[in-house]
>>> print(open('work37.txt').read())   # compact mmCIF, C-alpha atoms
# COMPACT_ATOMS: atom_id res chain seq x y z
CA MET Z 3 -26.29 71.83 28.15
CA SER Z 4 -23.22 69.84 27.19
CA PHE Z 5 -20.15 71.15 25.38
CA ASN Z 6 -17.91 68.75 23.52
CA SER Z 7 -14.60 70.66 23.52
CA PRO Z 8 -13.81 71.10 26.30
CA GLU Z 9 -16.30 69.09 28.36
CA ILE Z 10 -18.26 71.75 30.18
CA THR Z 11 -21.68 71.19 31.73
CA PRO Z 12 -23.79 74.21 32.73
CA SER Z 13 -27.01 73.79 34.67
CA ILE Z 14 -29.48 73.27 31.79
CA GLU Z 15 -28.69 69.64 31.21
CA GLN Z 16 -31.55 68.91 28.79
CA VAL Z 17 -30.18 71.19 26.09
CA GLU Z 18 -27.26 70.19 23.84
CA HIS Z 19 -25.18 72.63 21.83
CA CYS Z 20 -22.77 71.46 19.16
CA PHE Z 21 -20.37 73.91 17.50
CA GLY Z 22 -21.39 74.35 13.91
CA ALA Z 23 -25.03 73.51 14.59
CA THR Z 24 -27.55 75.73 12.87
CA HIS Z 25 -29.81 77.72 15.14
CA PRO Z 26 -33.29 76.17 15.31
CA GLY Z 27 -36.57 77.82 16.19
CA LEU Z 28 -39.13 80.34 15.01
CA TYR Z 29 -39.65 84.05 15.54
CA ASP Z 30 -42.62 85.13 17.67
CA SER Z 31 -43.38 88.55 16.24
CA GLN Z 32 -45.99 89.37 18.91
CA ARG Z 33 -43.49 89.08 21.74
CA HIS Z 34 -40.36 89.85 19.67
CA LEU Z 35 -38.74 86.61 20.80
CA PHE Z 36 -37.21 83.53 19.23
CA ALA Z 37 -38.58 80.15 20.22
CA LEU Z 38 -35.79 77.57 20.35
CA ASN Z 39 -36.78 73.93 20.47
CA PHE Z 40 -34.60 71.26 22.04
CA ARG Z 41 -35.83 67.70 22.57
CA GLY Z 42 -39.43 68.71 23.11
CA LEU Z 43 -38.51 71.72 25.29
CA THR Z 44 -39.08 75.29 24.10
CA PHE Z 45 -37.10 78.30 25.31
CA TYR Z 46 -37.91 81.90 24.39
CA PHE Z 47 -35.08 84.41 24.01
CA PRO Z 48 -34.83 88.00 22.77
CA VAL Z 49 -32.49 88.57 19.83
CA ASP Z 50 -30.01 91.41 19.43
CA SER Z 51 -29.37 92.03 15.73
CA LYS Z 52 -29.09 94.88 13.23
CA PHE Z 53 -31.13 94.26 10.10
CA GLU Z 54 -29.73 97.01 7.88
CA ASN Z 55 -26.39 95.22 7.40
CA PRO Z 56 -27.24 91.59 8.13
CA LEU Z 57 -23.97 90.22 6.72
CA SER Z 58 -21.66 92.37 8.85
CA VAL Z 59 -23.19 91.89 12.31
CA ASP Z 60 -23.18 88.67 14.30
CA LEU Z 61 -26.50 87.13 15.24
CA VAL Z 62 -26.68 87.04 19.03
CA ILE Z 63 -29.23 85.09 21.05
CA ASN Z 64 -29.16 86.31 24.62
CA MET Z 65 -30.29 84.12 27.52
CA PRO Z 66 -30.20 86.46 30.52
CA GLN Z 67 -31.69 83.97 32.97
CA ASP Z 68 -28.77 81.64 32.27
CA GLY Z 69 -26.11 84.30 31.73
CA ILE Z 70 -25.26 82.91 28.27
CA ARG Z 71 -25.01 84.40 24.78
CA LEU Z 72 -25.01 82.27 21.63
CA ILE Z 73 -23.14 84.03 18.82
CA PHE Z 74 -23.79 82.93 15.24
CA ASP Z 75 -21.86 83.77 12.10
CA PRO Z 76 -24.04 86.10 9.95
CA VAL Z 77 -23.04 84.47 6.65
CA ALA Z 78 -22.94 80.76 7.48
CA GLN Z 79 -25.63 81.28 10.17
CA ARG Z 80 -24.02 78.65 12.37
CA LEU Z 81 -23.02 78.74 16.02
CA LYS Z 82 -19.41 79.83 16.50
CA ILE Z 83 -19.10 81.14 20.08
CA ILE Z 84 -20.77 80.43 23.39
CA GLU Z 85 -20.17 83.27 25.85
CA ILE Z 86 -20.88 82.83 29.56
CA TYR Z 87 -21.07 86.35 30.96
CA ASN Z 88 -22.66 85.63 34.36
CA MET Z 89 -20.69 82.88 36.06
CA LYS Z 90 -23.05 82.79 39.06
CA LEU Z 91 -25.91 81.36 37.00
CA VAL Z 92 -24.17 78.23 35.68
CA LYS Z 93 -22.39 75.17 36.99
CA LEU Z 94 -19.28 74.20 35.04
CA ARG Z 95 -17.06 71.17 35.18
CA TYR Z 96 -14.24 69.72 33.13
CA SER Z 97 -13.38 66.00 33.01
CA GLY Z 98 -15.74 65.39 35.90
CA MET Z 99 -14.15 68.10 38.06
CA SER Z 100 -16.28 71.09 38.99
CA PHE Z 101 -14.59 74.48 38.81
CA ASN Z 102 -17.59 76.83 38.99
CA SER Z 103 -20.69 76.43 41.18
CA PRO Z 104 -22.37 78.16 44.14
CA GLU Z 105 -19.90 76.29 46.37
CA ILE Z 106 -16.78 76.69 44.18
CA THR Z 107 -15.41 80.09 43.17
CA PRO Z 108 -13.68 80.09 39.73
CA SER Z 109 -10.44 81.67 40.90
CA ILE Z 110 -7.18 81.54 38.97
CA GLU Z 111 -5.97 78.77 41.26
CA GLN Z 112 -9.10 76.74 40.69
CA VAL Z 113 -8.83 77.10 36.90
CA GLU Z 114 -5.15 76.10 36.88
CA HIS Z 115 -5.86 73.16 39.17
CA CYS Z 116 -8.61 71.92 36.85
CA PHE Z 117 -7.11 72.64 33.41
CA GLY Z 118 -3.39 72.53 34.09
CA ALA Z 119 -0.66 74.71 32.64
CA THR Z 120 -1.03 76.83 29.54
CA HIS Z 121 0.73 79.66 27.71
CA PRO Z 122 0.97 83.08 29.36
CA GLY Z 123 -2.21 85.04 29.01
CA LEU Z 124 -2.90 88.38 27.36
CA TYR Z 125 -3.69 91.60 29.14
CA ASP Z 126 -6.22 94.14 27.84
CA SER Z 127 -5.12 97.43 29.36
CA GLN Z 128 -8.20 99.31 28.17
CA ARG Z 129 -10.69 96.98 29.84
CA HIS Z 130 -8.29 95.83 32.60
CA LEU Z 131 -8.97 92.19 31.76
CA PHE Z 132 -6.53 89.31 31.70
CA ALA Z 133 -7.34 86.51 29.22
CA LEU Z 134 -6.14 83.01 30.00
CA ASN Z 135 -6.35 80.86 26.90
CA PHE Z 136 -6.73 77.13 26.39
CA ARG Z 137 -7.57 75.47 23.10
CA GLY Z 138 -11.20 76.33 22.37
CA LEU Z 139 -11.65 78.14 25.67
CA THR Z 140 -10.77 81.54 27.17
CA PHE Z 141 -11.22 82.76 30.75
CA TYR Z 142 -11.32 86.50 31.48
CA PHE Z 143 -10.16 87.86 34.84
CA PRO Z 144 -10.63 91.48 35.93
CA VAL Z 145 -7.31 92.86 37.19
CA ASP Z 146 -6.84 96.09 39.08
CA SER Z 147 -4.74 98.65 37.21
CA LYS Z 148 -2.17 98.77 40.02
CA PHE Z 149 -1.05 95.25 39.02
CA GLU Z 150 -0.59 96.17 35.35
CA PRO Z 151 3.26 96.54 35.38
CA GLY Z 152 3.68 92.90 36.39
CA TYR Z 153 1.42 91.17 33.91
CA ALA Z 154 4.18 90.37 31.40
CA HIS Z 155 4.97 86.97 32.93
CA GLY Z 156 1.36 85.80 33.18
CA LEU Z 157 -1.43 86.18 35.65
CA GLY Z 158 0.08 83.62 38.02
CA SER Z 159 3.17 85.80 38.44
CA LEU Z 160 1.18 88.66 39.93
CA GLN Z 161 1.17 88.95 43.71
CA PHE Z 162 -2.28 89.38 45.26
CA PRO Z 163 -3.18 89.84 48.93
CA ASN Z 164 -4.75 86.94 50.80
CA GLY Z 165 -8.24 86.35 49.45
CA GLY Z 166 -7.67 88.81 46.63
CA SER Z 167 -6.99 86.33 43.83
CA PRO Z 168 -8.91 87.32 40.68
CA VAL Z 169 -12.08 85.42 39.80
CA VAL Z 170 -13.33 84.54 36.31
CA SER Z 171 -15.83 87.16 35.14
CA ARG Z 172 -16.50 85.82 31.65
CA THR Z 173 -15.81 82.66 29.63
CA THR Z 174 -15.91 82.12 25.87
CA ILE Z 175 -16.02 78.72 24.19
CA TYR Z 176 -15.21 78.41 20.50
CA TYR Z 177 -13.71 76.18 17.83
CA GLY Z 178 -9.99 76.27 17.12
CA SER Z 179 -7.05 77.96 18.81
CA GLN Z 180 -6.92 81.09 20.90
CA HIS Z 181 -4.82 83.11 18.46
CA GLN Z 182 -7.58 82.82 15.82
CA LEU Z 183 -10.14 84.56 18.01
CA SER Z 184 -10.29 88.25 17.10
CA ARG Z 185 -12.72 90.97 16.15
CA SER Z 186 -13.06 92.83 12.87
CA ALA Z 187 -13.34 96.59 12.57
CA SER Z 188 -17.15 96.33 12.44
CA GLY Z 189 -17.22 94.49 15.75
CA ARG Z 190 -17.98 91.11 14.20
CA CYS Z 191 -16.13 88.26 15.89
CA THR Z 192 -13.94 86.37 13.45
CA ALA Z 193 -13.69 83.05 15.28
CA PRO Z 194 -13.40 80.09 12.87
CA LEU Z 195 -16.29 77.76 12.09
CA ALA Z 196 -16.29 74.02 12.52
CA GLU Z 197 -17.73 71.61 9.98
CA LEU Z 198 -21.33 70.69 10.61
CA PRO Z 199 -21.23 67.88 13.21
CA LEU Z 200 -22.65 64.54 12.12
CA SER Z 201 -25.04 64.64 15.07
CA CYS Z 202 -26.75 67.67 13.50
CA TYR Z 203 -27.59 66.05 10.16
CA ARG Z 204 -30.56 64.12 11.58
CA HIS Z 205 -31.01 62.25 8.28
CA GLN Z 206 -31.63 65.51 6.42
CA LEU Z 207 -30.09 66.77 3.19
CA HIS Z 208 -28.00 69.95 3.37
CA LEU Z 209 -27.12 72.28 0.53
CA ARG Z 210 -23.69 73.44 -0.61
CA ARG Z 211 -24.80 75.19 -3.80
CA CYS Z 212 -27.86 75.49 -6.01
CA ASP Z 213 -27.40 76.29 -9.73
CA VAL Z 214 -30.45 77.67 -11.52
CA LEU Z 215 -30.65 76.04 -14.96
CA ARG Z 216 -31.83 78.42 -17.66
CA SER Z 217 -32.23 78.76 -21.38
CA PRO Z 218 -31.62 82.27 -22.80
CA SER Z 219 -34.98 83.51 -21.52
CA ALA Z 220 -36.57 80.82 -19.37
CA THR Z 221 -35.86 78.77 -16.25
CA LEU Z 222 -35.58 75.01 -16.73
CA GLY Z 223 -34.91 73.73 -13.22
CA LEU Z 224 -32.36 73.46 -10.43
CA ARG Z 225 -29.10 71.59 -9.99
CA LEU Z 226 -28.52 71.02 -6.28
CA HIS Z 227 -25.14 70.10 -4.79
CA ILE Z 228 -26.14 68.45 -1.55
CA TYR Z 229 -24.51 66.45 1.22
CA THR Z 230 -25.76 64.23 4.01
CA GLU Z 231 -24.45 61.86 6.64
CA GLY Z 232 -23.03 58.48 5.63
CA THR Z 233 -25.10 55.32 5.65
CA ARG Z 234 -23.17 54.01 8.67
CA SER Z 235 -22.89 55.57 12.10
CA GLY Z 236 -19.91 57.93 12.31
CA GLU Z 237 -19.27 57.81 8.56
CA PRO Z 238 -18.24 61.19 7.04
CA ALA Z 239 -20.72 63.23 5.05
CA SER Z 240 -21.14 62.27 1.41
CA ALA Z 241 -21.70 64.74 -1.45
CA ARG Z 242 -24.31 64.24 -4.14
CA ARG Z 243 -25.73 66.15 -7.09
CA ARG Z 244 -29.41 66.18 -7.99
CA VAL Z 245 -31.40 67.89 -10.75
CA VAL Z 246 -35.10 68.78 -10.52
CA ARG Z 247 -36.97 70.43 -13.38
CA PHE Z 248 -40.30 71.97 -14.19
CA GLY Z 249 -42.73 69.22 -15.10
CA ASP Z 250 -41.16 66.61 -12.80
CA SER Z 251 -43.66 64.51 -10.89
CA CYS Z 252 -43.84 64.53 -7.11
CA GLN Z 253 -42.45 60.97 -7.16
CA ALA Z 254 -39.44 62.11 -9.21
CA VAL Z 255 -38.74 64.98 -6.81
CA SER Z 256 -39.01 62.66 -3.82
CA ARG Z 257 -36.53 60.27 -5.41
CA ALA Z 258 -34.09 63.10 -6.05
CA LEU Z 259 -34.44 65.06 -2.79
CA ALA Z 260 -36.01 62.48 -0.45
CA ALA Z 261 -39.27 63.05 1.38
CA PRO Z 262 -39.99 66.71 2.23
CA ALA Z 263 -39.78 67.99 5.78
CA ARG Z 264 -43.40 69.13 5.46
CA LEU Z 265 -46.26 68.96 2.97
CA TYR Z 266 -48.30 72.14 2.77
CA TYR Z 267 -51.55 72.67 0.84
CA LYS Z 268 -52.31 76.15 -0.41
CA ALA Z 269 -55.60 77.39 1.04
CA ASP Z 270 -56.00 80.11 -1.59
CA ASP Z 271 -54.05 82.07 -4.18
CA LYS Z 272 -53.88 85.72 -3.12
CA MET Z 273 -52.13 86.69 -6.36
CA ARG Z 274 -54.97 85.36 -8.54
CA ILE Z 275 -56.70 88.75 -8.51
CA HIS Z 276 -53.85 90.18 -10.63
CA ARG Z 277 -54.51 87.75 -13.49
CA PRO Z 278 -56.70 88.94 -16.38
CA THR Z 279 -58.68 85.66 -16.33
CA ALA Z 280 -59.27 85.67 -12.58
CA ARG Z 281 -63.05 86.26 -12.85
CA ARG Z 282 -63.73 83.91 -15.76
CA ARG Z 283 -61.80 80.90 -14.48
CA PRO Z 284 -63.12 78.95 -11.48
CA PRO Z 285 -60.70 78.51 -8.57
CA PRO Z 286 -58.53 75.44 -9.13
CA ALA Z 287 -58.02 72.53 -6.79
CA SER Z 288 -55.53 73.09 -4.00
CA ASP Z 289 -51.89 73.08 -5.15
CA TYR Z 290 -49.38 71.79 -2.63
CA PHE Z 291 -45.81 72.48 -1.56
CA PHE Z 292 -42.93 70.22 -0.68
CA ASN Z 293 -41.03 72.17 2.02
CA TYR Z 294 -37.30 71.39 2.27
CA PHE Z 295 -36.22 73.58 5.18
CA THR Z 296 -32.57 72.44 5.31
CA LEU Z 297 -32.21 73.18 1.58
CA GLY Z 298 -33.89 76.60 1.79
CA LEU Z 299 -36.29 75.40 -0.92
CA ASP Z 300 -40.02 75.05 -1.56
CA VAL Z 301 -41.38 73.10 -4.55
CA LEU Z 302 -44.95 73.77 -5.70
CA PHE Z 303 -46.94 71.08 -7.51
CA ASP Z 304 -50.00 71.53 -9.68
CA ALA Z 305 -53.03 69.94 -8.03
CA ARG Z 306 -54.30 68.46 -11.31
CA THR Z 307 -51.11 67.25 -12.98
CA HIS Z 308 -48.99 66.70 -9.82
CA GLN Z 309 -46.05 68.20 -11.66
CA VAL Z 310 -43.59 70.91 -10.58
CA LYS Z 311 -44.67 74.38 -11.57
CA LYS Z 312 -42.79 76.63 -9.14
CA PHE Z 313 -39.59 76.79 -7.06
CA ILE Z 314 -39.03 79.21 -4.16
CA LEU Z 315 -35.47 79.89 -2.97
CA HIS Z 316 -35.11 81.44 0.50
CA THR Z 317 -32.18 83.56 1.72
CA ASN Z 318 -33.15 83.54 5.43
CA TYR Z 319 -32.17 87.08 6.37
CA PRO Z 320 -32.96 88.51 9.83
CA GLY Z 321 -35.65 91.11 9.52
CA HIS Z 322 -37.86 88.92 7.34
CA TYR Z 323 -41.12 87.38 8.53
CA ASN Z 324 -39.93 83.83 7.76
CA PHE Z 325 -36.48 84.23 9.27
CA ASN Z 326 -35.17 81.05 10.91
CA MET Z 327 -37.68 78.75 9.24
CA TYR Z 328 -35.28 77.83 6.42
CA HIS Z 329 -31.55 77.40 6.00
CA ARG Z 330 -30.10 79.85 3.49
CA CYS Z 331 -30.29 78.60 -0.09
CA GLU Z 332 -26.86 79.21 -1.61
CA PHE Z 333 -28.15 79.72 -5.14
CA GLU Z 334 -26.42 81.08 -8.23
CA LEU Z 335 -28.60 82.55 -10.96
CA ASN Z 336 -27.08 83.81 -14.23
CA VAL Z 337 -29.23 86.09 -16.40
CA GLN Z 338 -28.29 88.00 -19.54
CA PRO Z 339 -28.43 91.75 -18.80
CA ASP Z 340 -30.71 93.97 -20.83
CA LYS Z 341 -29.50 97.32 -19.50
CA CYS Z 342 -26.32 99.19 -20.39
CA GLU Z 343 -25.48 100.51 -16.92
CA SER Z 344 -22.19 99.36 -15.44
CA ASN Z 345 -22.69 96.79 -12.73
CA THR Z 346 -20.42 94.74 -10.51
CA LEU Z 347 -22.66 91.70 -10.95
CA VAL Z 348 -21.95 91.47 -14.66
CA GLU Z 349 -19.31 88.82 -15.32
CA SER Z 350 -16.77 88.83 -18.14
CA ARG Z 351 -18.97 86.59 -20.28
CA GLY Z 352 -21.76 89.15 -20.00
CA ALA Z 353 -24.13 87.36 -17.61
CA VAL Z 354 -25.54 88.88 -14.42
CA CYS Z 355 -24.68 86.57 -11.52
CA ILE Z 356 -27.28 86.82 -8.75
CA THR Z 357 -26.65 85.07 -5.43
CA ALA Z 358 -28.19 85.05 -1.97
CA TYR Z 359 -25.87 87.94 -1.08
CA SER Z 360 -26.69 90.25 -4.00
CA LYS Z 361 -28.39 93.56 -3.30
CA TRP Z 362 -31.42 94.52 -5.32
CA GLU Z 363 -30.10 97.96 -6.21
CA ASN Z 364 -27.28 96.25 -8.14
CA VAL Z 365 -29.55 93.69 -9.80
CA SER Z 366 -32.06 96.31 -10.94
CA ARG Z 367 -29.30 98.30 -12.70
CA ALA Z 368 -28.66 95.40 -15.07
CA LEU Z 369 -32.19 94.04 -15.62
CA ARG Z 370 -35.32 95.75 -16.92
CA VAL Z 371 -37.58 94.73 -14.07
CA CYS Z 372 -41.08 96.08 -13.53
CA GLU Z 373 -40.87 99.50 -11.92
CA ARG Z 374 -43.99 99.17 -9.75
CA PRO Z 375 -43.64 96.31 -7.28
CA VAL Z 376 -46.41 94.35 -5.60
CA VAL Z 377 -46.42 95.07 -1.85
CA LEU Z 378 -46.48 91.91 0.23
CA ASN Z 379 -47.43 92.08 3.91
CA ARG Z 380 -47.05 88.68 5.54
CA ALA Z 381 -49.25 87.61 8.44
CA SER Z 382 -51.09 84.55 9.66
CA SER Z 383 -54.45 83.80 11.22
CA THR Z 384 -52.85 83.41 14.66
CA ASN Z 385 -50.29 86.20 14.32
CA THR Z 386 -51.59 89.26 12.51
CA THR Z 387 -48.67 91.56 13.37
CA ASN Z 388 -45.48 91.80 11.36
CA PRO Z 389 -42.86 93.98 13.11
CA PHE Z 390 -40.56 93.91 10.06
CA GLY Z 391 -43.01 95.60 7.70
CA SER Z 392 -43.84 94.82 4.08
CA THR Z 393 -41.62 93.43 1.36
CA PHE Z 394 -41.72 94.30 -2.35
CA CYS Z 395 -42.08 91.82 -5.21
CA TYR Z 396 -40.56 92.63 -8.61
CA GLY Z 397 -41.24 90.52 -11.68
CA TYR Z 398 -38.74 89.72 -14.41
CA GLN Z 399 -39.36 87.11 -17.12
CA ASP Z 400 -40.36 83.97 -15.19
CA MET Z 401 -38.95 85.15 -11.86
CA ILE Z 402 -40.30 87.08 -8.89
CA PHE Z 403 -37.81 88.78 -6.56
CA GLU Z 404 -39.02 89.48 -3.04
CA VAL Z 405 -36.97 92.40 -1.72
CA MET Z 406 -36.65 93.64 1.84
CA SER Z 407 -36.46 97.28 2.92
CA ASN Z 408 -32.66 96.96 3.35
CA ASN Z 409 -32.33 96.06 -0.38
CA TYR Z 410 -31.44 92.41 0.23
CA ILE Z 411 -33.35 89.67 -1.58
CA ALA Z 412 -35.58 87.67 0.76
CA SER Z 413 -36.61 85.03 -1.79
CA ILE Z 414 -36.73 84.27 -5.49
CA THR Z 415 -39.72 82.53 -7.01
CA LEU Z 416 -39.09 80.67 -10.27
CA TYR Z 417 -42.27 79.67 -12.08
CA GLN Z 418 -43.35 78.11 -15.33
CA PRO Z 419 -45.67 80.48 -17.25
CA GLU Z 420 -49.16 79.10 -17.80
CA GLY Z 421 -48.82 79.21 -21.56
CA THR Z 422 -45.90 76.77 -21.46
CA ARG Z 423 -47.55 74.21 -19.18
CA PRO Z 424 -49.68 71.39 -20.58
CA HIS Z 425 -53.39 71.69 -19.89
CA TYR Z 426 -55.46 68.77 -18.67
CA ALA Z 427 -59.18 68.44 -18.21
CA VAL Z 428 -60.16 67.77 -14.63
CA THR Z 429 -62.03 64.62 -15.66
CA SER Z 430 -58.92 63.18 -17.34
CA ILE Z 431 -56.96 63.06 -14.11
CA ALA Z 432 -57.42 59.87 -12.14
>>> encode(input="work37.txt", output="structure tokens")
Amino acid sequence: MSFNSPEITPSIEQVEHCFGATHPGLYDSQRHLFALNFRGLTFYFPVDSKFENPLSVDLVINMPQDGIRLIFDPVAQRLKIIEIYNMKLVKLRYSGMSFNSPEITPSIEQVEHCFGATHPGLYDSQRHLFALNFRGLTFYFPVDSKFEPGYAHGLGSLQFPNGGSPVVSRTTIYYGSQHQLSRSASGRCTAPLAELPLSCYRHQLHLRRCDVLRSPSATLGLRLHIYTEGTRSGEPASARRRVVRFGDSCQAVSRALAAPARLYYKADDKMRIHRPTARRRPPPASDYFFNYFTLGLDVLFDARTHQVKKFILHTNYPGHYNFNMYHRCEFELNVQPDKCESNTLVESRGAVCITAYSKWENVSRALRVCERPVVLNRASSTNTTNPFGSTFCYGYQDMIFEVMSNNYIASITLYQPEGTRPHYAVTSIA
């Protein structure tokens, strides 16, 4: 595992972590673990997270066998801190010089010899820890309370008996300067985030914002503000804007958004039973999805016309069955309210602004949605258990809101009603 700033190399050398990189992997709901994939290797880790307030609690992936925690920002969902809490399980070196291994004890002298001088550290009298800070790196030393009166001039000024020099008990690695590392009242760490490193683009498009294009009562398409790596190695990311609409062909979508990360064919339509014509109409040919995981977007094409008929926008909240499959889609959806209740989502121009961070209880106060939702219980043929429980789907105009038990929106499905789509005979399609 290699760290770019500073250069630190723990024992798992096949795994690379870049600050700002999104956390990869899938959730294994049978074992309650996350599967993280790195260069063909798969590691399984338990996750410590609170699902009721997913935007106020850091996402923490704990690796107890390596003594490491990966701490992700709950909003940006990107790595911001690497915490090494068991120094005995890792080997660390800086600029080719080892300072922590089974043979080398990470004492204060060893750290100063390896990293050089720095500003005086900070003492935490409640936890009896002394923090020695370098740019992007903090070492924590446990200090006996009897030495507390002399800490003002730095840890090196304290006098310890022979062999009693403090040893590093914990190390945190982060982006930015030491003085920016702090904790909020809720316990969330407020370390700054780096820009997404170019090495993490991997020739994929990434989303800054998605505007839902609508007429007064119908969805027309999406305007995506995307960015990707430059055409040359090391070139900064370039921003682009693309528009995809209902009725676009699969070739047009591929030109706008590039090839999908995956092509998925629908095996069946489980919602077909709710249609009044379900018994009279024969089952159609298999529709197919373009999955754009880094955009948080799925595009559904009609099997007969090969034209767009549905968009699915994912919010990627922990506690949802599909968590960690998609990046969060930073969408903005403006709808005219049809209720008179006061609502914080209603803007000055009268529109209801719905984003990936809106709560359903606020949305439902402004829109006359169906009162009885459809209960959706996700499972697969290989994994029939869902520890997160069911979600609830509410319909409004040409939109379906999938809502979690904590009132956050898991996904929004935008579809083109059947009456507005052109009909083609099966024999007329080549």
>>> atom_distance(input="work37.txt", atom1="atom CA of Z:Leu81", atom2="atom CA of Z:Leu299")
21.8 Å
>>> closest_residue(input="work37.txt", among="Z:Val214, Z:Ile86, Z:Val145, Z:Ala305", to="Z:Gln128", atoms="all atoms listed in the file")
Z:Val145
>>> atom_distance(input="work37.txt", atom1="atom CA of Z:Ser413", atom2="atom CA of Z:His316")
4.5 Å
>>> atom_distance(input="work37.txt", atom1="atom CA of Z:Leu209", atom2="atom CA of Z:Thr415")
17.9 Å
>>> residues_near_point(input="work37.txt", point="(-31.6, 92.6, -7.2)", cutoff="8 Å", atoms="only C-alpha atoms", output="VMD selection string")
chain Z and resid 356 360 to 366 403 405 409 to 411
>>> residues_around(input="work37.txt", residues="Z:Ile110", least_positions_apart="4", cutoff="7 Å", atoms="all atoms listed in the file", output="ChimeraX atom specification")
/Z:114,167-169
>>> write_last_selection(input="work37.txt", atoms="C-alpha atoms", output="PDB file, in the frame of the given file")
ATOM      1  CA  GLU Z 114      -5.150  76.100  36.880  1.00  0.00           C
ATOM      2  CA  SER Z 167      -6.990  86.330  43.830  1.00  0.00           C
ATOM      3  CA  PRO Z 168      -8.910  87.320  40.680  1.00  0.00           C
ATOM      4  CA  VAL Z 169     -12.080  85.420  39.800  1.00  0.00           C
TER       5      VAL Z 169
END
>>> residues_around(input="work37.txt", residues="Z:Cys372", least_positions_apart="5", cutoff="9 Å", atoms="all atoms listed in the file", output="PyMOL selection string")
chain Z and resi 396-398
>>> closest_atom_pairs(input="work37.txt", of="stretch 280-371 of chain Z", to="stretch 249-253 of chain Z", cutoff="9 Å", atoms="only C-alpha atoms", output="Markdown table")
| residue | atom | partner | partner_atom | distance |
| --- | --- | --- | --- | --- |
| Z:Phe292 | CA | Z:Cys252 | CA | 8.6 |
| Z:Phe303 | CA | Z:Cys252 | CA | 7.3 |
| Z:Thr307 | CA | Z:Ser251 | CA | 8.2 |
| Z:His308 | CA | Z:Ser251 | CA | 5.9 |
| Z:Gln309 | CA | Z:Ser251 | CA | 4.5 |
| Z:Val310 | CA | Z:Gly249 | CA | 4.9 |
| Z:Lys311 | CA | Z:Gly249 | CA | 6.5 |
>>> write_last_selection(input="work37.txt", atoms="C-alpha atoms", output="mmCIF file, in the frame of the given file")
data_model
loop_
_atom_site.group_PDB
_atom_site.id
_atom_site.type_symbol
_atom_site.label_atom_id
_atom_site.label_comp_id
_atom_site.auth_asym_id
_atom_site.auth_seq_id
_atom_site.Cartn_x
_atom_site.Cartn_y
_atom_site.Cartn_z
ATOM 1 C CA PHE Z 292 -42.930 70.220 -0.680
ATOM 2 C CA PHE Z 303 -46.940 71.080 -7.510
ATOM 3 C CA THR Z 307 -51.110 67.250 -12.980
ATOM 4 C CA HIS Z 308 -48.990 66.700 -9.820
ATOM 5 C CA GLN Z 309 -46.050 68.200 -11.660
ATOM 6 C CA VAL Z 310 -43.590 70.910 -10.580
ATOM 7 C CA LYS Z 311 -44.670 74.380 -11.570
#
>>> closest_residue(input="work37.txt", among="Z:Ala133, Z:Cys331, Z:Ala287, Z:Val354", to="Z:His227", atoms="all atoms listed in the file")
Z:Cys331
>>> residues_near_point(input="work37.txt", point="(-14.4, 77.1, 21.4)", cutoff="8 Å", atoms="all atoms listed in the file", output="list in words")
Ser7, Pro8, Phe21, Lys82, Ile83, Ile84, Arg137, Gly138, Leu139, Thr174, Ile175, Tyr176, Tyr177, Gly178 and Ser179 of chain Z
>>> closest_residue(input="work37.txt", among="Z:Phe143, Z:Tyr328, Z:Phe295, Z:Tyr359", to="Z:Ser58", atoms="only C-alpha atoms")
Z:Tyr359
>>> residues_around(input="work37.txt", residues="Z:Gln399", least_positions_apart="3", cutoff="9 Å", atoms="all atoms listed in the file", output="list of chain:residue names")
Z:Ser219, Z:Ala220, Z:Val371, Z:Ile402
>>> closest_residue(input="work37.txt", among="Z:Pro419, Z:Pro339, Z:Gly69, Z:Pro56", to="Z:Pro218", atoms="all atoms listed in the file")
Z:Pro339
>>> closest_residue(input="work37.txt", among="Z:Leu265, Z:Leu207, Z:Leu335, Z:Met406", to="Z:Pro320", atoms="all atoms listed in the file")
Z:Met406
>>> closest_residue(input="work37.txt", among="Z:Ala358, Z:Ala263, Z:Val170, Z:Leu378", to="Z:Ser407", atoms="only C-alpha atoms")
Z:Leu378
